[in-house]
file data-v3.txt (compact mmCIF, C-alpha atoms)
# COMPACT_ATOMS: atom_id res chain seq x y z
CA MET F 1 -30.23 6.42 -22.49
CA SER F 2 -29.17 3.74 -24.98
CA THR F 3 -27.02 0.80 -23.87
CA THR F 4 -24.26 -0.60 -26.05
CA SER F 5 -26.51 -3.54 -26.98
CA ASP F 6 -28.89 -1.06 -28.67
CA VAL F 7 -26.17 0.70 -30.63
CA ARG F 8 -25.80 0.46 -34.40
CA PHE F 9 -23.13 2.30 -36.37
CA GLY F 10 -23.55 3.87 -39.79
CA LEU F 11 -25.40 6.74 -41.40
CA ARG F 12 -28.36 4.65 -42.53
CA ALA F 13 -28.89 3.12 -39.09
CA ASN F 14 -28.89 6.56 -37.45
CA VAL F 15 -30.34 8.71 -40.22
CA THR F 16 -32.98 10.48 -38.10
CA GLN F 17 -30.61 11.61 -35.37
CA PHE F 18 -27.92 12.43 -37.91
CA ALA F 19 -30.30 14.63 -39.90
CA LEU F 20 -31.48 16.31 -36.70
CA LEU F 21 -27.89 17.07 -35.72
CA MET F 22 -27.28 18.53 -39.17
CA LEU F 23 -30.23 20.87 -38.67
CA VAL F 24 -28.98 21.87 -35.22
CA ASN F 25 -25.52 22.54 -36.63
CA ALA F 26 -27.05 24.69 -39.34
CA MET F 27 -28.48 26.85 -36.56
CA VAL F 28 -25.01 26.97 -34.96
CA GLY F 29 -23.46 28.07 -38.25
CA GLY F 30 -26.17 30.65 -38.82
CA MET F 31 -25.18 32.37 -35.58
CA VAL F 32 -21.69 33.03 -37.01
CA GLY F 33 -23.13 34.05 -40.39
CA LEU F 34 -24.92 36.94 -38.67
CA GLU F 35 -21.58 38.74 -38.41
CA ARG F 36 -19.79 37.89 -41.63
CA THR F 37 -21.03 40.81 -43.74
CA VAL F 38 -22.28 43.64 -41.57
CA LEU F 39 -20.33 43.67 -38.31
CA PRO F 40 -17.03 45.06 -39.70
CA LEU F 41 -19.09 47.79 -41.38
CA ILE F 42 -20.94 48.54 -38.12
CA ALA F 43 -17.51 48.98 -36.51
CA THR F 44 -16.43 51.65 -39.01
CA GLN F 45 -19.69 53.30 -39.98
CA GLU F 46 -21.71 53.24 -36.75
CA PHE F 47 -19.06 53.23 -34.02
CA GLY F 48 -16.43 55.21 -35.97
CA LEU F 49 -13.54 52.78 -35.51
CA THR F 50 -10.65 53.59 -37.85
CA SER F 51 -8.08 50.94 -36.91
CA SER F 52 -8.40 47.56 -38.62
CA VAL F 53 -7.10 45.89 -35.46
CA VAL F 54 -9.78 47.51 -33.28
CA ALA F 55 -12.49 46.87 -35.86
CA GLY F 56 -11.47 43.22 -35.87
CA SER F 57 -11.39 42.96 -32.07
CA PHE F 58 -14.71 41.12 -32.08
CA ILE F 59 -13.06 38.33 -34.09
CA ILE F 60 -10.17 38.20 -31.63
CA SER F 61 -12.53 37.86 -28.65
CA PHE F 62 -14.57 35.25 -30.54
CA GLY F 63 -11.54 33.23 -31.64
CA LEU F 64 -9.77 33.18 -28.28
CA THR F 65 -12.94 32.25 -26.40
CA LYS F 66 -13.92 29.54 -28.85
CA ALA F 67 -10.39 28.11 -28.83
CA PHE F 68 -10.23 27.73 -25.06
CA VAL F 69 -13.78 26.37 -24.89
CA ASN F 70 -12.83 23.80 -27.55
CA LEU F 71 -9.96 22.75 -25.31
CA VAL F 72 -12.30 21.69 -22.50
CA SER F 73 -15.23 20.60 -24.66
CA GLY F 74 -13.86 17.11 -25.25
CA VAL F 75 -13.26 16.56 -21.54
CA LEU F 76 -16.77 17.78 -20.68
CA ALA F 77 -18.30 15.68 -23.49
CA ASP F 78 -16.65 12.54 -22.12
CA ARG F 79 -17.52 13.35 -18.51
CA TYR F 80 -21.07 14.73 -18.76
CA GLY F 81 -22.27 13.54 -22.17
CA ARG F 82 -22.45 15.06 -25.63
CA LYS F 83 -26.04 16.31 -25.35
CA SER F 84 -25.34 18.23 -22.15
CA LEU F 85 -22.55 20.05 -23.95
CA LEU F 86 -24.82 20.87 -26.88
CA VAL F 87 -27.56 22.31 -24.66
CA LEU F 88 -25.05 24.34 -22.64
CA GLY F 89 -23.75 25.87 -25.86
CA TRP F 90 -27.23 27.12 -26.72
CA VAL F 91 -27.73 28.59 -23.24
CA PHE F 92 -24.79 30.91 -23.97
CA GLY F 93 -25.98 31.57 -27.53
CA LEU F 94 -29.48 32.82 -26.68
CA PRO F 95 -28.49 36.42 -25.71
CA VAL F 96 -26.14 36.98 -28.67
CA PRO F 97 -28.53 38.29 -31.38
CA PHE F 98 -30.14 40.71 -28.92
CA LEU F 99 -26.75 42.12 -27.91
CA LEU F 100 -25.81 42.59 -31.57
CA MET F 101 -29.10 44.37 -32.24
CA PHE F 102 -29.00 46.84 -29.39
CA ALA F 103 -25.38 47.15 -28.17
CA PRO F 104 -24.83 50.79 -27.11
CA SER F 105 -21.04 50.60 -27.49
CA TRP F 106 -18.41 48.50 -29.25
CA ASN F 107 -17.46 46.82 -25.96
CA TRP F 108 -20.92 45.22 -25.89
CA ILE F 109 -20.24 43.77 -29.36
CA VAL F 110 -16.95 42.33 -28.12
CA PHE F 111 -18.78 40.80 -25.12
CA ALA F 112 -21.42 39.32 -27.43
CA ASN F 113 -18.62 37.58 -29.29
CA VAL F 114 -17.29 36.08 -26.08
CA LEU F 115 -20.73 34.49 -25.62
CA LEU F 116 -20.78 33.49 -29.30
CA GLY F 117 -17.38 31.84 -28.91
CA ILE F 118 -18.69 29.78 -25.98
CA ASN F 119 -21.80 28.88 -27.99
CA GLN F 120 -19.75 27.75 -30.97
CA GLY F 121 -17.12 25.94 -28.92
CA PHE F 122 -19.65 23.82 -27.05
CA ALA F 123 -22.41 23.39 -29.63
CA TRP F 124 -20.30 22.82 -32.76
CA SER F 125 -17.92 20.52 -30.87
CA ALA F 126 -20.82 18.43 -29.57
CA ALA F 127 -22.43 18.20 -33.01
CA VAL F 128 -19.30 16.96 -34.77
CA ILE F 129 -18.37 14.52 -31.98
CA MET F 130 -21.89 13.06 -32.01
CA LYS F 131 -21.88 12.54 -35.76
CA ILE F 132 -18.49 10.80 -35.58
CA ASP F 133 -19.88 8.61 -32.78
CA LEU F 134 -22.95 7.65 -34.82
CA VAL F 135 -21.30 6.54 -38.06
CA GLY F 136 -18.25 4.67 -36.78
CA SER F 137 -14.80 4.57 -38.34
CA ARG F 138 -15.63 3.68 -41.95
CA GLN F 139 -17.72 6.78 -42.70
CA ARG F 140 -15.85 9.29 -40.54
CA GLY F 141 -14.87 11.65 -43.37
CA PHE F 142 -18.37 11.52 -44.83
CA ALA F 143 -19.91 12.35 -41.45
CA VAL F 144 -17.61 15.31 -40.89
CA GLY F 145 -18.21 16.55 -44.43
CA LEU F 146 -21.99 16.54 -43.91
CA ASN F 147 -21.61 18.25 -40.54
CA GLU F 148 -19.46 21.03 -41.93
CA PHE F 149 -21.73 21.35 -44.99
CA ALA F 150 -24.72 22.06 -42.77
CA GLY F 151 -22.87 24.55 -40.61
CA TYR F 152 -21.09 26.52 -43.32
CA PHE F 153 -23.98 26.55 -45.76
CA ALA F 154 -25.89 28.32 -43.00
CA VAL F 155 -22.93 30.67 -42.48
CA GLY F 156 -23.00 31.67 -46.15
CA ALA F 157 -26.77 31.90 -46.50
CA THR F 158 -27.00 34.05 -43.39
CA ALA F 159 -24.12 36.27 -44.54
CA TRP F 160 -26.00 36.92 -47.78
CA LEU F 161 -29.31 37.43 -45.96
CA THR F 162 -27.86 39.93 -43.47
CA GLY F 163 -26.21 41.85 -46.31
CA TYR F 164 -29.52 42.05 -48.16
CA LEU F 165 -31.44 43.10 -45.05
CA ALA F 166 -28.81 45.72 -44.23
CA SER F 167 -28.98 47.17 -47.74
CA VAL F 168 -32.76 47.59 -47.36
CA TYR F 169 -33.29 48.30 -43.66
CA GLY F 170 -29.92 49.53 -42.41
CA LEU F 171 -27.12 47.91 -40.42
CA ARG F 172 -29.16 47.42 -37.21
CA PRO F 173 -31.34 45.86 -35.83
CA THR F 174 -33.17 44.04 -38.66
CA PRO F 175 -30.23 41.99 -40.07
CA PHE F 176 -29.88 40.19 -36.74
CA ILE F 177 -33.50 39.03 -36.44
CA PRO F 178 -32.68 35.62 -38.04
CA GLY F 179 -30.31 35.03 -35.13
CA VAL F 180 -33.22 35.09 -32.70
CA ILE F 181 -34.88 32.29 -34.70
CA TYR F 182 -31.63 30.28 -34.87
CA ALA F 183 -30.98 30.52 -31.14
CA ILE F 184 -34.48 29.55 -30.04
CA LEU F 185 -34.86 26.72 -32.58
CA GLY F 186 -31.40 25.32 -31.85
CA PHE F 187 -32.04 25.32 -28.11
CA VAL F 188 -35.48 23.67 -28.39
CA LEU F 189 -34.29 20.93 -30.77
CA SER F 190 -31.26 20.18 -28.60
CA VAL F 191 -33.26 19.91 -25.38
CA PHE F 192 -36.24 17.91 -26.61
CA LEU F 193 -35.19 15.84 -29.65
CA VAL F 194 -31.44 15.19 -29.69
CA ARG F 195 -30.30 11.95 -28.02
CA ASP F 196 -26.86 11.45 -26.52
CA THR F 197 -24.31 9.26 -28.35
CA HIS F 198 -22.12 8.30 -25.40
CA ALA F 199 -23.12 4.64 -25.79
CA HIS F 200 -21.78 4.66 -29.36
CA MET F 201 -18.40 5.84 -28.11
CA GLN F 202 -18.37 3.17 -25.41
CA LEU F 203 -19.09 0.40 -27.92
CA GLU F 204 -16.45 1.63 -30.38
CA ARG F 205 -13.93 1.75 -27.54
CA LYS F 206 -14.90 -1.79 -26.51
CA ASN F 207 -14.51 -3.05 -30.09
CA HIS F 208 -11.22 -1.22 -30.47
CA ILE F 209 -9.76 -2.90 -27.36
CA ALA F 210 -11.14 -6.31 -28.36
CA SER F 211 -9.39 -6.06 -31.74
CA GLY F 212 -6.02 -5.46 -30.08
CA GLY F 213 -6.09 -1.69 -29.73
CA THR F 214 -4.02 0.04 -27.09
CA ASN F 215 -4.81 2.64 -24.43
CA ALA F 216 -7.69 0.83 -22.75
CA VAL F 217 -7.35 3.46 -20.03
CA PRO F 218 -7.45 7.00 -21.46
CA PRO F 219 -4.24 8.99 -20.92
CA LYS F 220 -4.27 12.15 -18.85
CA PHE F 221 -5.40 15.33 -20.58
CA GLN F 222 -1.93 16.87 -20.32
CA GLU F 223 -0.50 13.92 -22.24
CA ILE F 224 -3.25 14.19 -24.87
CA PHE F 225 -2.54 17.92 -25.26
CA VAL F 226 1.19 17.35 -25.78
CA ARG F 227 0.64 14.38 -28.08
CA THR F 228 -1.90 16.20 -30.23
CA SER F 229 -0.13 19.56 -30.31
CA TRP F 230 3.35 18.48 -31.36
CA ARG F 231 4.59 15.03 -30.30
CA ASP F 232 2.63 13.05 -32.89
CA PRO F 233 3.77 14.34 -36.33
CA ARG F 234 0.41 13.76 -38.04
CA LEU F 235 -1.53 15.47 -35.27
CA PHE F 236 0.96 18.37 -35.18
CA ALA F 237 0.58 18.81 -38.93
CA ALA F 238 -3.21 18.86 -38.54
CA CYS F 239 -3.07 21.42 -35.71
CA GLN F 240 -0.83 23.87 -37.55
CA ALA F 241 -2.84 23.50 -40.77
CA GLY F 242 -6.07 24.09 -38.88
CA LEU F 243 -4.60 27.21 -37.28
CA VAL F 244 -3.47 28.63 -40.63
CA ASN F 245 -6.76 27.71 -42.32
CA ASN F 246 -8.71 29.68 -39.74
CA LEU F 247 -6.06 32.40 -39.80
CA ASN F 248 -6.97 33.14 -43.40
CA ASP F 249 -10.68 32.79 -42.59
CA GLY F 250 -10.29 35.26 -39.71
CA MET F 251 -8.50 37.63 -42.05
CA SER F 252 -11.27 37.33 -44.63
CA TRP F 253 -13.93 37.88 -41.96
CA GLY F 254 -12.44 41.15 -40.74
CA ILE F 255 -10.59 42.51 -43.77
CA PHE F 256 -12.59 41.51 -46.85
CA PRO F 257 -15.71 43.65 -46.15
CA LEU F 258 -13.50 46.69 -45.51
CA TYR F 259 -11.28 45.94 -48.53
CA PHE F 260 -14.19 45.47 -50.92
CA ALA F 261 -15.92 48.59 -49.56
CA SER F 262 -12.71 50.58 -50.11
CA LYS F 263 -12.83 49.50 -53.76
CA GLY F 264 -16.35 50.91 -54.11
CA LEU F 265 -18.29 47.64 -53.95
CA PRO F 266 -21.82 48.21 -52.55
CA LEU F 267 -23.15 46.32 -49.55
CA ALA F 268 -25.20 43.90 -51.65
CA GLY F 269 -22.06 42.93 -53.60
CA ILE F 270 -20.08 42.40 -50.40
CA GLY F 271 -22.88 40.19 -49.09
CA LEU F 272 -22.80 38.15 -52.31
CA LEU F 273 -19.06 37.53 -52.00
CA LYS F 274 -19.40 36.61 -48.34
CA PHE F 275 -22.11 34.14 -49.40
CA ILE F 276 -20.20 32.50 -52.26
CA TYR F 277 -17.14 31.62 -50.16
CA PRO F 278 -18.91 29.52 -47.49
CA LEU F 279 -21.48 28.27 -50.05
CA VAL F 280 -18.76 26.62 -52.16
CA TRP F 281 -16.97 25.51 -49.00
CA SER F 282 -20.08 23.89 -47.55
CA VAL F 283 -21.43 22.18 -50.67
CA LEU F 284 -18.10 20.71 -51.78
CA GLN F 285 -17.52 19.20 -48.34
CA VAL F 286 -20.24 16.68 -49.15
CA ALA F 287 -17.80 15.37 -51.78
CA THR F 288 -14.43 16.09 -50.15
CA GLY F 289 -15.40 14.43 -46.87
CA PRO F 290 -15.98 10.97 -48.39
CA LEU F 291 -13.13 11.58 -50.87
CA SER F 292 -10.78 11.87 -47.91
CA ASP F 293 -11.87 8.37 -46.85
CA ARG F 294 -10.53 7.01 -50.15
CA ILE F 295 -7.31 8.92 -50.84
CA ASP F 296 -4.32 10.17 -48.87
CA ARG F 297 -5.75 12.77 -46.48
CA SER F 298 -2.45 14.66 -46.24
CA LYS F 299 -2.26 15.19 -50.01
CA LEU F 300 -5.83 16.48 -50.09
CA ILE F 301 -5.03 18.93 -47.29
CA ALA F 302 -1.84 20.18 -48.95
CA TRP F 303 -3.54 20.74 -52.30
CA GLY F 304 -6.43 22.46 -50.55
CA MET F 305 -4.09 24.92 -48.86
CA ALA F 306 -2.49 25.66 -52.23
CA VAL F 307 -5.88 26.35 -53.82
CA GLN F 308 -6.74 28.69 -50.93
CA ALA F 309 -3.48 30.56 -51.42
CA ALA F 310 -4.25 30.97 -55.14
CA GLY F 311 -7.67 32.41 -54.30
CA LEU F 312 -6.15 34.94 -51.90
CA VAL F 313 -3.59 36.08 -54.46
CA LEU F 314 -6.31 36.47 -57.09
CA ILE F 315 -8.33 38.74 -54.78
CA VAL F 316 -5.40 41.17 -54.69
CA VAL F 317 -4.61 40.90 -58.40
CA VAL F 318 -8.10 41.50 -59.82
CA GLY F 319 -10.13 44.63 -59.21
CA GLN F 320 -13.74 43.90 -60.07
CA LEU F 321 -16.64 41.79 -58.89
CA GLU F 322 -16.31 39.05 -61.51
CA GLY F 323 -12.69 38.35 -60.60
CA TRP F 324 -13.46 38.43 -56.90
CA LEU F 325 -16.24 35.90 -57.44
CA LEU F 326 -13.77 33.49 -59.05
CA ALA F 327 -11.29 34.11 -56.24
CA THR F 328 -13.86 33.36 -53.54
CA VAL F 329 -14.85 30.17 -55.39
CA LEU F 330 -11.20 29.05 -55.24
CA LEU F 331 -10.99 30.02 -51.59
CA GLY F 332 -14.13 28.04 -50.79
CA ALA F 333 -13.00 25.01 -52.82
CA GLY F 334 -9.63 24.93 -51.10
CA THR F 335 -11.21 25.20 -47.68
CA ALA F 336 -13.62 22.38 -48.53
CA MET F 337 -10.65 20.16 -49.35
CA VAL F 338 -9.03 20.97 -46.01
CA TYR F 339 -11.71 21.40 -43.37
CA PRO F 340 -13.40 18.00 -43.02
CA THR F 341 -10.18 16.19 -43.94
CA LEU F 342 -8.31 17.68 -40.99
CA LEU F 343 -11.04 16.55 -38.58
CA ALA F 344 -11.01 13.07 -40.08
CA LEU F 345 -7.20 12.97 -39.89
CA VAL F 346 -7.34 13.75 -36.17
CA GLY F 347 -9.97 11.02 -35.79
CA ASP F 348 -7.64 8.56 -37.55
CA ALA F 349 -4.62 9.41 -35.40
CA SER F 350 -6.45 9.25 -32.05
CA GLU F 351 -8.18 6.39 -30.26
CA PRO F 352 -11.86 6.15 -29.23
CA ALA F 353 -11.18 6.61 -25.52
CA TRP F 354 -9.49 9.99 -26.01
CA ARG F 355 -10.67 11.07 -29.48
CA ALA F 356 -13.10 13.73 -28.18
CA ARG F 357 -10.28 15.34 -26.22
CA ALA F 358 -7.87 15.14 -29.15
CA LEU F 359 -10.49 16.83 -31.34
CA GLY F 360 -10.86 19.48 -28.64
CA VAL F 361 -7.10 20.15 -28.66
CA TYR F 362 -7.05 20.30 -32.46
CA ARG F 363 -9.99 22.69 -32.50
CA PHE F 364 -8.25 24.80 -29.84
CA TRP F 365 -5.29 25.39 -32.16
CA ARG F 366 -7.54 25.71 -35.21
CA ASP F 367 -9.68 28.45 -33.69
CA ILE F 368 -6.74 30.32 -32.22
CA GLY F 369 -6.25 31.03 -35.93
CA TYR F 370 -9.27 33.37 -35.93
CA ALA F 371 -7.60 35.64 -33.38
CA VAL F 372 -4.16 35.36 -34.97
CA GLY F 373 -5.59 36.11 -38.42
CA ALA F 374 -7.60 39.12 -37.29
CA LEU F 375 -4.68 40.54 -35.29
CA LEU F 376 -1.97 39.84 -37.88
CA ALA F 377 -4.04 41.05 -40.82
CA GLY F 378 -5.22 44.10 -38.90
CA VAL F 379 -1.68 45.15 -37.98
CA ILE F 380 -0.39 44.65 -41.52
CA ALA F 381 -3.41 46.42 -43.03
CA ASP F 382 -2.95 49.43 -40.73
CA TRP F 383 0.76 49.53 -41.52
CA LEU F 384 1.03 48.57 -45.21
CA GLY F 385 -2.52 48.28 -46.55
CA PHE F 386 -5.13 45.61 -47.22
CA GLU F 387 -3.27 44.08 -50.17
CA TRP F 388 -0.19 43.31 -48.10
CA ALA F 389 -2.30 41.73 -45.36
CA ILE F 390 -3.99 39.39 -47.83
CA GLY F 391 -0.69 38.56 -49.58
CA VAL F 392 1.14 37.63 -46.37
CA VAL F 393 -1.68 35.30 -45.36
CA ALA F 394 -1.53 33.65 -48.81
CA VAL F 395 2.17 32.85 -48.31
CA LEU F 396 1.53 31.41 -44.84
CA THR F 397 -1.28 29.25 -46.22
CA LEU F 398 0.94 27.77 -48.93
CA ALA F 399 3.74 27.06 -46.42
CA SER F 400 1.33 25.32 -44.07
CA GLY F 401 0.30 22.86 -46.78
CA ALA F 402 3.95 22.05 -47.40
CA ILE F 403 4.41 21.21 -43.70
CA VAL F 404 1.53 18.72 -43.89
CA MET F 405 3.27 16.91 -46.75
CA LEU F 406 6.63 16.88 -44.96
CA LYS F 407 5.12 15.35 -41.82
CA ARG F 408 2.80 12.77 -43.37
CA ASN F 409 5.28 9.85 -43.33
CA THR F 410 7.18 10.83 -40.18
CA PRO F 411 7.22 8.01 -37.58
CA ARG F 412 5.40 8.63 -34.32
CA ALA F 413 7.58 9.85 -31.49
CA TYR F 414 6.04 7.54 -28.85
call {"tool": "encode", "arguments": {"input": "data-v3.txt", "output": "structure tokens"}}
result
Amino acid sequence: MSTTSDVRFGLRANVTQFALLMLVNAMVGGMVGLERTVLPLIATQEFGLTSSVVAGSFIISFGLTKAFVNLVSGVLADRYGRKSLLVLGWVFGLPVPFLLMFAPSWNWIVFANVLLGINQGFAWSAAVIMKIDLVGSRQRGFAVGLNEFAGYFAVGATAWLTGYLASVYGLRPTPFIPGVIYAILGFVLSVFLVRDTHAHMQLERKNHIASGGTNAVPPKFQEIFVRTSWRDPRLFAACQAGLVNNLNDGMSWGIFPLYFASKGLPLAGIGLLKFIYPLVWSVLQVATGPLSDRIDRSKLIAWGMAVQAAGLVLIVVVGQLEGWLLATVLLGAGTAMVYPTLLALVGDASEPAWRARALGVYRFWRDIGYAVGALLAGVIADWLGFEWAIGVVAVLTLASGAIVMLKRNTPRAY
């Protein structure tokens, strides 16, 4: 294990480990991409589920599990090391593709998503914390942008690949074979090649205290939870925006394939749309991450939420593939403006000694949004139709961006 005397901050000084962590996070993202196109269709076509809420129950189980795992991931990362958390995430991820391939009932799919939520909560948390540790404070937005690029590019590419495989070979089991490769490769790389970054955190904390920083002793987790969730205005704004951002992503995950299919779009077209959204999201984060290091992060978040809302409205207004492609580009661009910027904002507003736990609390609220989005959209879709579900989420997204702007100059309450 490295000592603080061996530690160097910055992307260039840590390029090999940083690139390795990007590859590992691509495997993490690919595990989620397995489900983006075909699983809602498996719910309706193979298991005969007619309720949008029930069909989206796998997203609810995934979101709730991932949220609560995020909550403890920062504590575990500080106590046992970042690498241990990463490896543990892959232990839970290994069975997932096999369960998706051969599940005899829908309850097995829901259980697979509990395991997937644990995998994502531990592995993705560890990857982003380690990248932030490696680069130091001056490249935080850039590091997060690259991390999210790797993960969500893999989400989109896998969503397209599974849609293509399903259109040729059927909904199961072939589309889930890439997941076997992701799980094994991610586990092997994490165990044998990834190095822990705990020493980087220790040195940053030491430098922070030496330069006059406060909180030399980390506060208790309960205090961090309260401070991050609502007492600190900037952190509260980030948490609610993260929740609403993933609320609309959860809605798109469960509702969009069913909505597009109801409009007569074939499976290959649905797969294309589910690819474009995270593709734009992932690629643009390479630019929006470092951009957030140079401009007001709150403004970038608020504008990003507005662009997302515009994309959602356009999906309802247009009725053909070309218009939906433009809408998903807007949705991806808006998400790219928001996603890495929120993580960087939380990094700014927290201190090295408790940053991992603050990120865990933020990601708890953010990923609760998956469950809220799937449940809310499913209820509205069953009651009023898909268009109403998408429209309500668009309004919530716009309002969330306004809250970020209102809170950006509010003094801290402690």
call {"tool": "atom_distance", "arguments": {"input": "data-v3.txt", "atom1": "atom CA of Thr158 of chain F", "atom2": "atom CA of Val280 of chain F"}}
result
14.1 Å
call {"tool": "closest_residue", "arguments": {"input": "data-v3.txt", "among": "F:Ser252, F:Ser167, F:Asn147, F:Gln139", "to": "Pro290 of chain F", "atoms": "all atoms listed in the file"}}
result
F:Gln139
call {"tool": "closest_atom_pairs", "arguments": {"input": "data-v3.txt", "of": "segment 297-338 of chain F", "to": "segment 228-245 of chain F", "cutoff": "10 Å", "atoms": "all atoms listed in the file", "output": "tab-separated table"}}
result
residue	atom	partner	partner_atom	distance
F:Ser298	CA	F:Arg234	CA	8.7
F:Ile301	CA	F:Ala241	CA	8.3
F:Ala302	CA	F:Ala241	CA	8.9
F:Gly304	CA	F:Asn245	CA	9.8
F:Met305	CA	F:Asn245	CA	7.6
F:Gln308	CA	F:Asn245	CA	8.7
F:Gly334	CA	F:Asn245	CA	9.6
F:Thr335	CA	F:Asn245	CA	7.4
F:Val338	CA	F:Asn245	CA	8.0
call {"tool": "residues_around", "arguments": {"input": "data-v3.txt", "residues": "Ile184 of chain F", "least_positions_apart": "5", "cutoff": "12 Å", "atoms": "all atoms listed in the file", "output": "list of chain:residue names"}}
result
F:Val24, F:Met27, F:Val28, F:Met31, F:Val87, F:Trp90, F:Val91, F:Phe92, F:Gly93, F:Leu94, F:Pro95, F:Val96, F:Pro97, F:Ile177, F:Pro178, F:Gly179, F:Leu189, F:Ser190, F:Val191
call {"tool": "atom_distance", "arguments": {"input": "data-v3.txt", "atom1": "atom CA of Ala402 of chain F", "atom2": "atom CA of Gly156 of chain F"}}
result
28.6 Å
call {"tool": "atom_distance", "arguments": {"input": "data-v3.txt", "atom1": "atom CA of Thr397 of chain F", "atom2": "atom CA of Phe149 of chain F"}}
result
22.0 Å
call {"tool": "residues_around", "arguments": {"input": "data-v3.txt", "residues": "Gly81 of chain F", "least_positions_apart": "2", "cutoff": "12 Å", "atoms": "only C-alpha atoms", "output": "ChimeraX atom specification"}}
result
/F:1,73-79,83-88,122,125-127,129-130,133,194-202,356
call {"tool": "decode", "arguments": {"input": "data-v3.txt", "residues": "segment 303-308 of chain F", "atoms": "all heavy atoms", "output": "compact mmCIF listing (two decimals), in the first residue's frame"}}
result
# COMPACT_ATOMS: atom_id res chain seq x y z
N TRP F 303 -29.47 24.99 -15.94
CA TRP F 303 -29.69 24.94 -17.39
C TRP F 303 -29.80 23.51 -17.89
O TRP F 303 -30.60 23.20 -18.78
CB TRP F 303 -28.56 25.67 -18.12
CG TRP F 303 -28.76 27.15 -18.17
CD1 TRP F 303 -28.09 28.11 -17.45
CD2 TRP F 303 -29.73 27.86 -18.96
NE1 TRP F 303 -28.57 29.36 -17.74
CE2 TRP F 303 -29.57 29.24 -18.68
CE3 TRP F 303 -30.70 27.46 -19.86
CZ2 TRP F 303 -30.36 30.22 -19.27
CZ3 TRP F 303 -31.48 28.44 -20.48
CH2 TRP F 303 -31.31 29.79 -20.18
N GLY F 304 -29.03 22.62 -17.31
CA GLY F 304 -29.12 21.21 -17.70
C GLY F 304 -30.48 20.61 -17.41
O GLY F 304 -31.03 19.86 -18.23
N MET F 305 -31.05 20.95 -16.25
CA MET F 305 -32.38 20.45 -15.93
C MET F 305 -33.43 21.01 -16.90
O MET F 305 -34.37 20.30 -17.30
CB MET F 305 -32.75 20.83 -14.49
CG MET F 305 -31.82 20.25 -13.43
SD MET F 305 -31.77 18.45 -13.37
CE MET F 305 -33.09 18.11 -12.22
N ALA F 306 -33.25 22.26 -17.31
CA ALA F 306 -34.17 22.85 -18.28
C ALA F 306 -34.09 22.17 -19.64
O ALA F 306 -35.11 21.93 -20.30
CB ALA F 306 -33.89 24.36 -18.42
N VAL F 307 -32.88 21.83 -20.07
CA VAL F 307 -32.70 21.13 -21.34
C VAL F 307 -33.33 19.73 -21.26
O VAL F 307 -33.98 19.26 -22.22
CB VAL F 307 -31.21 21.05 -21.71
CG1 VAL F 307 -31.00 20.16 -22.94
CG2 VAL F 307 -30.65 22.45 -21.99
N GLN F 308 -33.16 19.05 -20.14
CA GLN F 308 -33.81 17.75 -19.96
C GLN F 308 -35.33 17.87 -20.07
O GLN F 308 -35.98 17.05 -20.74
CB GLN F 308 -33.47 17.17 -18.58
CG GLN F 308 -32.06 16.66 -18.43
CD GLN F 308 -31.84 16.07 -17.05
OE1 GLN F 308 -32.62 15.25 -16.59
NE2 GLN F 308 -30.79 16.48 -16.38
